[in-house]
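Read through the structure below, which is laid out as structure tokens, and then see the notes.
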Amino acid sequence: MGTTPRAVTPEAFCQRYKRLAVTCERLAGIQVDPSECVATAREALADPDPHSAFRVLATCVVARDSCDDVFACISSDLPDPTSPDALRACDDRDEASAAHAVAVPRRAWDQRNGASVTRFSDARSTKAAPIEMCGVPAATDWLISLRCDDGSSPITDVEAAEKARTGNVGTGGRCGSIIDAYTIACREQSYQIFIDAYSCPAKD
């Protein structure tokens with residue numbers, strides 16, 4: 001006999017979000033005001049689009065029981081923001097396209113910040129001039145590939161990259177994308193790395 005799916009209501013979302021956010025740092029990073037959660041969720045869930053970002057979030061939070069399962073659910077349901085057919089122009093910053101990556105001309109992409117960096121000490125970045133990567137998985141792979149000056153690798157997997165992430169610092173970069181900040185601890189010093197994971201090479 002199958003399990004009855006949990007109803008996705010504002011109350012159910014807020015109750016489960018509050019519980020999960022205690023142990024799920026990634027979920028806690030999604031700003032939800034507890035005092036306004038139900039009202040905010042009710043308004044967001046009124047959107048009829050079954051793939052709206054909030055409905056996907058709410059559905060996964062209500063349906064899944066662990067942090068990893070929630071984010072696996074979100075990743076499987078949301079459209080890929082780095083898909084070549086979904087890329088936006090740099091000056092296209094309306095709300096509907098805000099979740100899509102920017103199409104960077106090939107010449108500029110080949111010369112992007114971070115393209116040839118192999119050591120954290122050579123990774124120069126700021127919120128205004130971040131390292132540019134096409135998608136969060138690519139950003140994670142880049143962090144894993146980098147070395148400290150003594151040759152050590154402080155970021156060895158996705159979990160280590162997530163722990164090094166200190167949060168997003170708002171919009172920045174060449175096209176106003178969300179910028180994530182990471183603190184990388186090497187023996188010689190700690191490095192603050194800013195990454196724009198929503199810049200991708202334009203189709204030829």
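Note on naming: chains are A, B, ... as they come in the structure tokens, residues start from 1 per chain, ligands start from 1 in the order shown.
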
Can you tell me, as JSON, numbers by chain, which residues in stretch 75-170 of chain A count as helix (DSSP H, G or I) by DSSP? {"A": [75, 76, 77, 84, 85, 86, 95, 96, 97, 106, 107, 108, 109, 110, 120, 121, 122, 136, 137, 138, 139, 140, 141, 142, 143, 144, 145, 158, 159, 160, 161, 162, 163, 164]}

Which polymer residues have any atom within 10 Å of an atom of A:Pro34, counting only C-alpha atoms, with same-chain residues fewer than 5 positions away left out, as a PyMOL selection string? chain A and resi 14-15+17-18+39-40

7 Å contact set for stretch 135-143 of chain A, only C-alpha atoms, chain neighbours under 5 positions out, as number ranges by chain: A: 82, 155, 158, 161, 197-198

Suppose we keep C-alpha atoms; can you now write the selection as a CSV table (one decimal), in the first residue's frame?
chain,number,residue,atom,x,y,z
A,82,THR,CA,22.9,26.9,-17.7
A,155,ILE,CA,38.6,21.3,-1.1
A,158,VAL,CA,31.2,18.7,-2.8
A,161,ALA,CA,33.1,23.1,-1.1
A,197,ALA,CA,28.4,30.4,-11.3
A,198,TYR,CA,25.9,31.9,-13.8

Fewer than 3 positions away in the same chain doesn't count, so skip those; otherwise give me all residues within 8 Å of A:Thr23, counting only C-alpha atoms, as a count of residues only. 3

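Closest approach to A:Ile184 among A:Glu132, A:Asp65, A:Glu162, A:Asp196: A:Glu162, based on only C-alpha atoms.
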
From atom CA of A:Asp149 to atom CA of A:Asp122 the spacing works out at 9.6 Å

Nearest to A:Ser66 among A:Cys24, A:Ala129, A:Ala202, A:Ala12, with distances taken over only C-alpha atoms: which residue is it?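 Using only C-alpha atoms, the shortest distance to A:Ser66 belongs to A:Cys24.
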
When you draw a straight line from atom CA of A:Ala101 to atom CA of A:Ala53, how long is it in Å?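 Straight-line distance from atom CA of A:Ala101 to atom CA of A:Ala53 works out to 15.1 Å.
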
Please, what distance in Å, to one decimal, runs between atom CA of A:Ser152 and atom CA of A:Thr126?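 It comes out at 23.7 Å.
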
Enumerate the residues of stretch 67-177 of chain A with a DSSP assignment of strand (DSSP E), computed from the backbone, and present them as a list in words.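 Taking stretch 67-177 of chain A and keeping strand (DSSP E) gives Val102, Ala103, Val104, Ile131, Glu132, Arg165, Thr166, Gly167, Asn168, Val169, Gly170, Thr171, Gly172 and Ser177 of chain A.
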
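Comparing the minimum interatomic distances between A:Glu159 and each of A:Cys60, A:Arg26, A:Glu11, A:Thr171, counting only C-alpha atoms, we find that A:Arg26 sits nearest.
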